[in-house]
Amino acid sequence: MDSMKNGLVVSCQAHFDHPLNDPAAIAALARSAELGGAVGIRANGVEHIREIKKIVGIPVIGIFKVHQYDKRFFITPTFDHAKAIIEAGADIVALEATFQNHPDTEVLKRLIQDIRMNLNTPVMADISTFEEGVRAWELGANLVGTTLSGYTEQSMNRPLPDIDLVRRLAQAGIKTVCEGHVASPDQAQEAIRAGAYFVVVGTAITDTVFITKRYAEPLSRLNEGSEDHVSGLR
């Protein structure tokens, strides 16, 4: 993990019917991120991770998402899920450590320790609140990520990206990753200055549908305004 310090990890993911939801496409995104200077990749699922590892030399943070509802997933819920992505090539396992999906501290402790000791793999705990981050760190997580801030009942309506949460965790001596809603280089730098060990960016870099909308929708509104102006002159 030392090679990742103060760097950019790019999350290469696509779900459901997204056009990029294909192992070869995801691997190409990951390779592009590596060429652009990324120090690591975050990826979901056995097939995507396996394909990425064929052409990428930087560390891969692997996750295994289990869909729950809407855009809410349970991230790497069990030991078997973790084992599957490690066998596919993941160098670090990220798992959810929120009170919402992991209310039983003993169950979470056993999962983190089993992955670290039995699978000999570092663990990144995805959390949504300061209290969850402290719990995960004390249970043995190697990294704590702000990934789920804004996705749980306990973290609704927080400013995103959650730089304040990064700062609080880092000041508590926790090796903290800023992940979630980082939309610009300035925000990534702000996260590092707040104490983040590294920053994870996904949608703002790899989701071409989202990026295109950011340009196309304002132009569409501008065109609508022009049409209204012309109509008023008639």
# chains A, B, ... in the order shown; residues from 1 in each chain; ligands from 1

call {"tool": "select_by_dssp", "arguments": {"residues": "stretch 151-217 of chain A", "states": "strand (DSSP E or B)", "output": "PyMOL selection string"}}
result
chain A and resi 176-179+198-201

call {"tool": "write_last_selection", "arguments": {"atoms": "N, CA and C atoms", "output": "compact mmCIF listing (two decimals), in the first residue's frame"}}
result
# COMPACT_ATOMS: atom_id res chain seq x y z
N THR A 176 -6.88 6.76 6.34
CA THR A 176 -8.18 7.08 5.74
C THR A 176 -8.09 7.27 4.24
N VAL A 177 -9.05 6.72 3.53
CA VAL A 177 -9.18 6.89 2.09
C VAL A 177 -10.39 7.76 1.81
N CYS A 178 -10.21 8.77 0.98
CA CYS A 178 -11.34 9.59 0.56
C CYS A 178 -11.93 8.98 -0.71
N GLU A 179 -13.16 8.52 -0.61
CA GLU A 179 -13.84 7.95 -1.77
C GLU A 179 -15.30 8.38 -1.75
N PHE A 198 -4.92 8.14 0.36
CA PHE A 198 -5.05 8.31 -1.09
C PHE A 198 -6.50 8.61 -1.40
N VAL A 199 -6.78 8.95 -2.66
CA VAL A 199 -8.12 9.35 -3.09
C VAL A 199 -8.61 8.41 -4.17
N VAL A 200 -9.87 8.00 -4.08
CA VAL A 200 -10.50 7.17 -5.10
C VAL A 200 -11.50 8.00 -5.88
N VAL A 201 -11.37 8.00 -7.19
CA VAL A 201 -12.31 8.71 -8.06
C VAL A 201 -12.83 7.72 -9.09

call {"tool": "select_by_dssp", "arguments": {"residues": "stretch 120-160 of chain A", "states": "alpha helix (DSSP H)", "output": "CSV table (one decimal) with N, CA and C atoms, in the first residue's frame"}}
result
chain,number,residue,atom,x,y,z
A,130,PHE,N,-18.1,8.6,11.3
A,130,PHE,CA,-16.9,8.5,12.1
A,130,PHE,C,-16.9,7.3,13.0
A,131,GLU,N,-18.0,7.1,13.7
A,131,GLU,CA,-18.1,6.0,14.6
A,131,GLU,C,-17.9,4.6,13.9
A,132,GLU,N,-18.4,4.5,12.7
A,132,GLU,CA,-18.2,3.2,12.0
A,132,GLU,C,-16.7,3.1,11.6
A,133,GLY,N,-16.0,4.2,11.3
A,133,GLY,CA,-14.6,4.2,10.9
A,133,GLY,C,-13.8,3.8,12.1
A,134,VAL,N,-14.0,4.3,13.2
A,134,VAL,CA,-13.3,3.9,14.4
A,134,VAL,C,-13.5,2.5,14.7
A,135,ARG,N,-14.7,2.0,14.6
A,135,ARG,CA,-15.0,0.6,14.9
A,135,ARG,C,-14.2,-0.3,14.0
A,136,ALA,N,-14.2,0.0,12.7
A,136,ALA,CA,-13.5,-0.8,11.7
A,136,ALA,C,-12.0,-0.8,11.9
A,137,TRP,N,-11.5,0.3,12.2
A,137,TRP,CA,-10.0,0.4,12.5
A,137,TRP,C,-9.6,-0.4,13.7
A,138,GLU,N,-10.4,-0.3,14.7
A,138,GLU,CA,-10.1,-1.1,16.0
A,138,GLU,C,-10.3,-2.6,15.7

call {"tool": "atom_distance", "arguments": {"atom1": "atom CA of A:Ile92", "atom2": "atom CA of A:Thr76"}}
result
11.8 Å

call {"tool": "atom_distance", "arguments": {"atom1": "atom CA of A:Pro77", "atom2": "atom CA of A:Lys5"}}
result
26.6 Å

call {"tool": "residues_around", "arguments": {"residues": "A:Val56", "least_positions_apart": "5", "cutoff": "9 Å", "atoms": "only C-alpha atoms", "output": "PyMOL selection string"}}
result
chain A and resi 27+30-31+34+41+51

call {"tool": "closest_residue", "arguments": {"among": "A:Thr152, A:Gln171, A:Thr208, A:Gln13", "to": "A:Gly195", "atoms": "only C-alpha atoms"}}
result
A:Gln171

call {"tool": "residues_around", "arguments": {"residues": "A:Ile115", "least_positions_apart": "3", "cutoff": "10 Å", "atoms": "only C-alpha atoms", "output": "ChimeraX atom specification"}}
result
/A:78-80,82-83,86,92-93,110-112,118-123,141

call {"tool": "write_last_selection", "arguments": {"atoms": "C-alpha atoms", "output": "short mmCIF file (atom, residue, chain, number, x, y, z; two decimals), in the first residue's frame"}}
result
data_model
loop_
_atom_site.label_atom_id
_atom_site.label_comp_id
_atom_site.auth_asym_id
_atom_site.auth_seq_id
_atom_site.Cartn_x
_atom_site.Cartn_y
_atom_site.Cartn_z
CA THR A 78 -18.98 -12.62 3.25
CA PHE A 79 -15.68 -14.48 3.42
CA ASP A 80 -16.60 -16.46 0.30
CA ALA A 82 -13.71 -12.01 -0.51
CA LYS A 83 -12.03 -15.30 -1.38
CA ILE A 86 -8.73 -12.55 -4.20
CA ILE A 92 -6.72 -5.51 -1.34
CA VAL A 93 -10.28 -6.45 -0.36
CA ARG A 110 -14.33 -12.21 12.33
CA LEU A 111 -14.70 -11.29 8.64
CA ILE A 112 -11.88 -8.73 8.73
CA ASN A 118 -6.47 -16.77 6.37
CA LEU A 119 -6.30 -15.09 2.97
CA ASN A 120 -3.24 -12.94 3.78
CA THR A 121 -4.82 -9.86 2.18
CA PRO A 122 -5.19 -6.27 3.46
CA VAL A 123 -8.71 -5.00 4.14
CA ALA A 141 -8.98 -2.87 8.96
#
